Structures are given as structure tokens and as C-alpha cells.
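The structure file structure.txt is reproduced below (compact mmCIF, C-alpha atoms).
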```txt
# COMPACT_ATOMS: atom_id res chain seq x y z
CA MET A 1 69.82 16.33 -15.54
CA ILE A 2 66.42 14.99 -14.42
CA VAL A 3 63.60 14.60 -16.94
CA THR A 4 60.05 13.91 -15.78
CA VAL A 5 58.04 11.58 -18.01
CA PRO A 6 54.29 12.03 -17.47
CA ALA A 7 52.08 9.06 -16.68
CA SER A 8 50.30 9.62 -19.99
CA ALA A 9 53.47 8.50 -21.80
CA GLY A 10 52.54 4.85 -21.28
CA PHE A 11 53.76 4.16 -17.74
CA GLY A 12 50.32 3.59 -16.25
CA LYS A 13 49.67 5.84 -13.31
CA ALA A 14 53.33 6.62 -12.60
CA GLU A 15 55.33 9.72 -13.45
CA LEU A 16 58.99 8.81 -13.91
CA GLN A 17 62.01 10.94 -13.14
CA ILE A 18 64.94 9.98 -15.34
CA ASP A 19 68.57 10.86 -14.69
CA ILE A 20 70.11 11.39 -18.13
CA ASP A 21 73.74 10.35 -18.67
CA ASP A 22 74.98 13.44 -20.52
CA ALA A 23 78.41 11.92 -21.21
CA GLU A 24 76.87 8.87 -22.92
CA HIS A 25 74.56 11.07 -24.97
CA GLU A 26 77.51 13.22 -26.06
CA ARG A 27 79.56 10.10 -26.89
CA ARG A 28 76.69 8.77 -29.01
CA ARG A 29 76.19 12.13 -30.73
CA ALA A 30 79.90 12.36 -31.58
CA ALA A 31 79.78 8.82 -33.01
CA GLY A 32 76.61 9.59 -35.01
CA LEU A 33 74.72 7.01 -33.00
CA GLY A 34 71.23 7.27 -31.52
CA VAL A 35 69.28 4.35 -30.10
CA ALA A 36 71.57 1.35 -29.72
CA THR A 37 69.02 -1.46 -29.79
CA GLY A 38 67.51 -1.23 -33.25
CA HIS A 39 69.44 -1.08 -36.52
CA GLY A 40 67.24 -3.76 -38.09
CA PHE A 41 69.11 -6.78 -36.77
CA GLY A 42 68.40 -6.77 -33.02
CA GLY A 43 71.56 -6.41 -31.00
CA LEU A 44 70.38 -6.06 -27.41
CA ASP A 45 70.96 -9.75 -26.72
CA VAL A 46 74.50 -9.40 -28.09
CA LEU A 47 75.22 -6.22 -26.16
CA MET A 48 74.00 -7.90 -22.99
CA ALA A 49 76.63 -10.60 -23.44
CA LEU A 50 79.51 -8.14 -23.84
CA PRO A 51 81.05 -6.44 -20.81
CA HIS A 52 81.15 -2.64 -21.04
CA GLY A 53 84.59 -1.21 -21.79
CA LEU A 54 86.47 -4.50 -21.52
CA PRO A 55 87.98 -6.26 -24.54
CA LEU A 56 86.68 -9.75 -25.22
CA PRO A 57 88.16 -12.18 -27.76
CA VAL A 58 86.05 -12.25 -30.92
CA ALA A 59 86.76 -15.99 -31.11
CA ASP A 60 84.75 -16.44 -27.87
CA LEU A 61 81.58 -15.08 -29.50
CA THR A 62 78.85 -17.13 -31.16
CA ASP A 63 78.33 -16.84 -34.92
CA HIS A 64 75.31 -14.57 -34.27
CA GLN A 65 77.35 -12.33 -31.96
CA ARG A 66 80.27 -12.11 -34.41
CA ALA A 67 77.85 -11.19 -37.20
CA TYR A 68 76.37 -8.41 -35.06
CA VAL A 69 79.66 -6.86 -33.89
CA THR A 70 81.10 -6.82 -37.40
CA ARG A 71 77.99 -5.00 -38.74
CA ALA A 72 77.24 -2.82 -35.69
CA PRO A 73 77.21 0.93 -36.36
CA ALA A 74 80.17 3.00 -35.19
CA GLY A 75 79.97 3.86 -31.52
CA ILE A 76 78.37 0.62 -30.34
CA CYS A 77 81.52 -1.46 -30.24
CA THR A 78 84.93 -1.69 -31.87
CA ILE A 79 86.96 -4.62 -33.08
CA ASP A 80 90.66 -4.11 -32.46
CA GLY A 81 92.71 -7.02 -33.72
CA GLN A 82 91.26 -10.16 -32.17
CA ASN A 83 89.15 -8.37 -29.51
CA VAL A 84 85.79 -6.60 -29.43
CA THR A 85 84.97 -3.85 -26.90
CA ARG A 86 81.46 -2.62 -26.19
CA HIS A 87 81.30 1.17 -25.76
CA VAL A 88 77.56 1.80 -25.59
CA THR A 89 76.01 1.96 -22.13
CA TRP A 90 72.67 3.05 -20.69
CA PRO A 91 71.75 6.62 -21.68
CA GLY A 92 69.67 7.26 -18.57
CA ARG A 93 68.20 5.67 -15.46
CA VAL A 94 64.82 5.98 -13.81
CA THR A 95 65.42 7.41 -10.32
CA VAL A 96 61.90 7.80 -8.90
CA ALA A 97 58.44 6.59 -9.89
CA THR A 98 55.67 8.82 -8.50
CA VAL A 99 52.01 7.88 -8.36
CA ARG A 100 49.59 10.72 -7.61
CA ALA A 101 46.31 9.79 -5.97
CA THR A 102 43.53 11.21 -3.83
CA SER A 103 44.17 8.64 -1.09
CA PRO A 104 46.61 5.80 -0.44
CA SER A 105 45.07 2.48 -1.43
CA LYS A 106 46.12 -0.97 -2.59
CA MET A 107 45.71 0.14 -6.21
CA GLU A 108 48.24 2.96 -5.78
CA LEU A 109 50.58 0.67 -3.80
CA ASP A 110 50.47 -1.86 -6.66
CA ALA A 111 51.03 0.87 -9.27
CA ALA A 112 54.13 2.14 -7.45
CA ALA A 113 55.46 -1.26 -6.38
CA GLN A 114 55.83 -2.47 -9.98
CA PHE A 115 58.85 -0.17 -10.32
CA ALA A 116 60.76 -1.81 -7.41
CA PRO A 117 63.42 -3.42 -9.68
CA PHE A 118 64.26 -0.04 -11.26
CA CYS A 119 63.95 2.85 -8.83
CA ALA A 120 62.65 4.38 -5.62
CA ARG A 121 58.86 4.66 -5.43
CA ARG A 122 56.44 7.08 -3.85
CA VAL A 123 52.77 7.96 -3.73
CA ILE A 124 51.72 11.59 -3.37
CA ILE A 125 48.28 12.16 -1.90
CA THR A 126 46.87 15.18 -3.69
CA ARG A 127 43.78 15.90 -1.56
CA PRO A 128 43.52 16.64 2.15
CA LEU A 129 42.67 13.53 4.09
CA ASN A 130 39.03 13.70 5.22
CA ARG A 131 39.41 10.83 7.61
CA LEU A 132 42.12 9.21 9.64
CA LEU A 133 44.27 6.81 7.67
CA ASN A 134 44.18 3.17 8.58
CA PRO A 135 47.62 2.50 10.14
CA GLU A 136 47.73 -0.90 8.41
CA THR A 137 47.54 0.85 5.04
CA LEU A 138 50.64 2.90 5.84
CA LEU A 139 52.38 -0.21 7.23
CA ASP A 140 51.81 -1.94 3.87
CA PHE A 141 53.44 0.96 2.02
CA GLY A 142 56.37 0.91 4.44
CA PHE A 143 56.74 -2.87 4.13
CA TYR A 144 57.09 -2.57 0.35
CA GLY A 145 59.39 0.47 0.61
CA VAL A 146 56.94 2.86 -1.07
CA GLY A 147 56.97 6.37 0.37
CA VAL A 148 53.72 8.20 1.07
CA TYR A 149 53.52 11.99 1.00
CA LEU A 150 50.63 14.34 1.63
CA GLN A 151 50.65 17.36 -0.68
CA HIS A 152 49.35 20.50 1.05
CA ASP A 153 47.56 23.34 -0.73
CA ASN A 154 50.82 25.34 -0.90
CA GLY A 155 52.55 22.44 -2.69
CA GLU A 156 54.60 21.39 0.34
CA LEU A 157 54.99 17.63 0.80
CA GLU A 158 54.55 16.10 4.25
CA THR A 159 56.17 12.70 4.68
CA LEU A 160 53.78 10.09 6.05
CA VAL A 161 55.96 7.07 5.18
CA GLU A 162 59.64 7.38 4.39
CA PRO A 163 60.51 5.61 1.10
CA ARG A 164 63.14 2.89 1.17
CA PRO A 165 66.19 3.94 -0.87
CA TRP A 166 66.50 1.99 -4.10
CA ARG A 167 69.41 -0.40 -4.33
CA PRO A 168 70.33 -1.92 -7.68
CA ILE A 169 70.03 -5.67 -7.99
CA ARG A 170 73.47 -7.04 -8.77
CA ARG A 171 72.77 -8.94 -11.94
CA HIS A 172 73.45 -8.56 -15.63
CA THR A 173 70.34 -7.33 -17.41
CA PRO A 174 69.50 -5.74 -20.78
CA THR A 175 69.36 -2.33 -19.07
CA SER A 176 72.96 -2.71 -17.96
CA ALA A 177 73.87 -3.60 -21.53
CA ALA A 178 72.58 -0.64 -23.53
```
Can I see the file as C-alpha cells?
Amino acid sequence: MIVTVPASAGFGKAELQIDIDDAEHERRRAAGLGVATGHGFGGLDVLMALPHGLPLPVADLTDHQRAYVTRAPAGICTIDGQNVTRHVTWPGRVTVATVRATSPSKMELDAAAQFAPFCARRVIITRPLNRLLNPETLLDFGFYGVGVYLQHDNGELETLVEPRPWRPIRRHTPTSAA
């Protein structure tokens, strides 16, 4: 399922499309769990240190981590004997950030480019171009992997610059933890 979050929701000029992980939401609902990062004692740093779905010896955890996993609400992790297993994972992922503008400019490129670590990016030009585009402008968008589309009156999108497909950075981050 894709959910579009409007730019007015606090993401600057970008509209975000989010791919919701229905299985994780169902797992959380069944466990009576909602957001996995709050609960009054901050567990994101602990969750980030635990691999998803793999048992880890409780003895290998710091005192802070042990305190968190023993108090964590059901559905976040389980302690089975001497091991702890993290069950919670990300509930959704941003797939595309879209910036709508009347013309492609450095400001729109910067607005879209900030989402490079998370998703594909594109700029949709919402007005007919009154003048020829500077080829260097489009080269800049292409260099940074930001797609540029011209939206025609009938809603059809014409591709001016093909966006670079997003590739996840192979590193352990808080978003891979919760």
C-alpha cells in the first residue's frame, strides 16, 4: 500500500510516498503495540543494537540495554532463556519524494536532493515551460539522480530527466532498527 504524505505535513516542499509494511502493522496490532520508539524510556538506541529476528545473548548487552529489553512492551522483543530476540522492524519506507514547482531550479534540486539517503527523488514542473530550459540545469538534476517531469494540462507526465533508482546504503541505522 502506498500512502502519500503532503508537503504540509512538515517535509518542506516534498510530498512523500510511503510503502506501508502491512505484515509489520498486523504483527504490532496483534501484540497490542503501536509506535516502538517511545514508551517513556527511549529504546531506539537499544533496538538499533539488536539484530532483527536473531537471538543475541542477554549477557552480551550493556546494563542499559538489559534494562530496556526486560521492560520493553510485548511485541518489541522477547527474552527466551539466555537470549533476546528483536521482533519489531520498520513499519514503512519512503519510496519517492516529489517536489512540485513551476520551473526546475537549484532550490527545487536542493529540496529533492535532501532525500537521497532514503528514497528516489523527482521534481514535477507544474506549468508549461515558457522558455527553453538551460541544459546545464537538467544536467545538474541528472548528476544528482533527481528526475524531472513536465506535467501537461491533461495530467500526463513527460520525462525530461530520468531519475536514478534509489539503492539502500548498506549500513545499520535507526531506520533499520524500528
Looking at all atoms listed in the file, which of A:Val96, A:Leu129, A:Leu160, A:Leu139 is the one that sits closest to A:Ala14?
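Going through A:Val96, A:Leu129, A:Leu160, A:Leu139 one by one, the smallest distance to A:Ala14 is for A:Val96.
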Excluding A:Arg164 and any residue of its chain fewer than 3 positions from it, enumerate the residues within 8 Å of it, using all atoms listed in the file, and give them as a VMD selection string.
chain A and resid 120 142 145 to 147
Env of A:Pro91: 8 Å cut, atoms = only C-alpha atoms, seq-sep filter 6 positions within chain, self excluded. Answer as a PyMOL selection string.
chain A and resi 20-22+24-25+178
Can you tell me, as an MDAnalysis selection string, what residues are no more than 12 Å from A:Ile79 when counting all atoms listed in the file, ignoring any on the same chain fewer than 3 positions away?
chainID A and resid 54:59 66:76 82:87
Extract, using only C-alpha atoms, all DNA, RNA and protein residues at most 8 Å from A:Arg127, discarding same-chain residues fewer than 6 positions from it, and format them as a list in words.
Ala101, Thr102, Ser103, Leu150, Gln151 and His152 of chain A
Within 6 Å of (67.8, 10.6, -14.1) in the file's own coordinates, which protein, DNA or RNA residues have an atom, counting all atoms listed in the file? List them as a ChimeraX atom specification.
/A:2,17-20,92-95
Could you check which of A:Glu15, A:Asp63, A:Glu136, A:Asp80 is closest to A:Ala112, using only C-alpha atoms?
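Nearest to A:Ala112: A:Glu15.
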Under the rule that all atoms listed in the file are counted, which of A:Gln65, A:Gln114, A:Thr78, A:Thr126 is the nearest residue to A:Tyr144?
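Of A:Gln65, A:Gln114, A:Thr78, A:Thr126, the one nearest A:Tyr144, counting all atoms listed in the file, is A:Gln114.
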Using Å and a single decimal, report how far atom CA of A:Pro104 sits from atom CA of A:Leu138.
8.0 Å
Report, in Å with one decimal, the straight-line distance from atom CA of A:Arg29 to atom CA of A:Pro117.
29.1 Å
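For the pair atom CA of A:Pro163 and atom CA of A:Phe141, the interatomic distance is 8.5 Å.
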Shortest interatomic distance to A:Met107 - which of A:Gly81, A:Trp166, A:Asp140, A:Thr4, counting all atoms listed in the file:
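Checking each candidate against A:Met107, we get A:Asp140 as the closest.
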For A:Phe143, which residue among A:Val99, A:Leu33, A:Cys77, A:Val161 is the nearest when counting only C-alpha atoms?
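Distance minimum relative to A:Phe143 lands on A:Val161.
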Taking N, CA, C and O atoms as the atom set, what does stretch 141-156 of chain A look like once completed, written as a PDB file, in the coordinates of the input?
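See selection09.pdb below for the written result:
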```pdb
ATOM      1  N   PHE A 141      52.554   0.145   2.857  1.00  0.00           N
ATOM      2  CA  PHE A 141      53.440   0.960   2.020  1.00  0.00           C
ATOM      3  C   PHE A 141      54.873   0.875   2.533  1.00  0.00           C
ATOM      4  O   PHE A 141      55.816   0.710   1.761  1.00  0.00           O
ATOM      5  N   GLY A 142      55.031   0.995   3.851  1.00  0.00           N
ATOM      6  CA  GLY A 142      56.370   0.910   4.440  1.00  0.00           C
ATOM      7  C   GLY A 142      57.011  -0.444   4.212  1.00  0.00           C
ATOM      8  O   GLY A 142      58.201  -0.546   3.919  1.00  0.00           O
ATOM      9  N   PHE A 143      56.222  -1.517   4.331  1.00  0.00           N
ATOM     10  CA  PHE A 143      56.740  -2.870   4.130  1.00  0.00           C
ATOM     11  C   PHE A 143      57.316  -3.024   2.727  1.00  0.00           C
ATOM     12  O   PHE A 143      58.363  -3.641   2.541  1.00  0.00           O
ATOM     13  N   TYR A 144      56.639  -2.459   1.742  1.00  0.00           N
ATOM     14  CA  TYR A 144      57.090  -2.570   0.350  1.00  0.00           C
ATOM     15  C   TYR A 144      58.047  -1.444  -0.049  1.00  0.00           C
ATOM     16  O   TYR A 144      58.459  -1.367  -1.204  1.00  0.00           O
ATOM     17  N   GLY A 145      58.399  -0.573   0.879  1.00  0.00           N
ATOM     18  CA  GLY A 145      59.390   0.470   0.610  1.00  0.00           C
ATOM     19  C   GLY A 145      58.873   1.643  -0.194  1.00  0.00           C
ATOM     20  O   GLY A 145      59.649   2.421  -0.740  1.00  0.00           O
ATOM     21  N   VAL A 146      57.546   1.777  -0.299  1.00  0.00           N
ATOM     22  CA  VAL A 146      56.940   2.860  -1.070  1.00  0.00           C
ATOM     23  C   VAL A 146      56.645   4.031  -0.142  1.00  0.00           C
ATOM     24  O   VAL A 146      55.942   3.874   0.853  1.00  0.00           O
ATOM     25  N   GLY A 147      57.204   5.185  -0.443  1.00  0.00           N
ATOM     26  CA  GLY A 147      56.970   6.370   0.370  1.00  0.00           C
ATOM     27  C   GLY A 147      55.567   6.920   0.149  1.00  0.00           C
ATOM     28  O   GLY A 147      54.997   6.769  -0.931  1.00  0.00           O
ATOM     29  N   VAL A 148      55.031   7.552   1.179  1.00  0.00           N
ATOM     30  CA  VAL A 148      53.720   8.200   1.070  1.00  0.00           C
ATOM     31  C   VAL A 148      53.889   9.638   1.539  1.00  0.00           C
ATOM     32  O   VAL A 148      54.432   9.897   2.620  1.00  0.00           O
ATOM     33  N   TYR A 149      53.438  10.561   0.702  1.00  0.00           N
ATOM     34  CA  TYR A 149      53.520  11.990   1.000  1.00  0.00           C
ATOM     35  C   TYR A 149      52.142  12.610   0.864  1.00  0.00           C
ATOM     36  O   TYR A 149      51.375  12.233  -0.018  1.00  0.00           O
ATOM     37  N   LEU A 150      51.863  13.567   1.727  1.00  0.00           N
ATOM     38  CA  LEU A 150      50.630  14.340   1.630  1.00  0.00           C
ATOM     39  C   LEU A 150      50.992  15.700   1.070  1.00  0.00           C
ATOM     40  O   LEU A 150      51.848  16.398   1.620  1.00  0.00           O
ATOM     41  N   GLN A 151      50.380  16.073  -0.059  1.00  0.00           N
ATOM     42  CA  GLN A 151      50.650  17.360  -0.680  1.00  0.00           C
ATOM     43  C   GLN A 151      49.659  18.385  -0.145  1.00  0.00           C
ATOM     44  O   GLN A 151      48.447  18.242  -0.290  1.00  0.00           O
ATOM     45  N   HIS A 152      50.184  19.425   0.509  1.00  0.00           N
ATOM     46  CA  HIS A 152      49.350  20.500   1.050  1.00  0.00           C
ATOM     47  C   HIS A 152      49.000  21.492  -0.043  1.00  0.00           C
ATOM     48  O   HIS A 152      49.585  21.477  -1.123  1.00  0.00           O
ATOM     49  N   ASP A 153      48.032  22.361   0.255  1.00  0.00           N
ATOM     50  CA  ASP A 153      47.560  23.340  -0.730  1.00  0.00           C
ATOM     51  C   ASP A 153      48.681  24.218  -1.282  1.00  0.00           C
ATOM     52  O   ASP A 153      48.649  24.636  -2.432  1.00  0.00           O
ATOM     53  N   ASN A 154      49.705  24.486  -0.464  1.00  0.00           N
ATOM     54  CA  ASN A 154      50.820  25.340  -0.900  1.00  0.00           C
ATOM     55  C   ASN A 154      51.877  24.549  -1.686  1.00  0.00           C
ATOM     56  O   ASN A 154      52.905  25.091  -2.059  1.00  0.00           O
ATOM     57  N   GLY A 155      51.618  23.265  -1.934  1.00  0.00           N
ATOM     58  CA  GLY A 155      52.550  22.440  -2.690  1.00  0.00           C
ATOM     59  C   GLY A 155      53.563  21.694  -1.828  1.00  0.00           C
ATOM     60  O   GLY A 155      54.261  20.804  -2.312  1.00  0.00           O
ATOM     61  N   GLU A 156      53.650  22.042  -0.568  1.00  0.00           N
ATOM     62  CA  GLU A 156      54.600  21.390   0.340  1.00  0.00           C
ATOM     63  C   GLU A 156      54.214  19.924   0.536  1.00  0.00           C
ATOM     64  O   GLU A 156      53.035  19.579   0.622  1.00  0.00           O
TER      65      GLU A 156
END
```
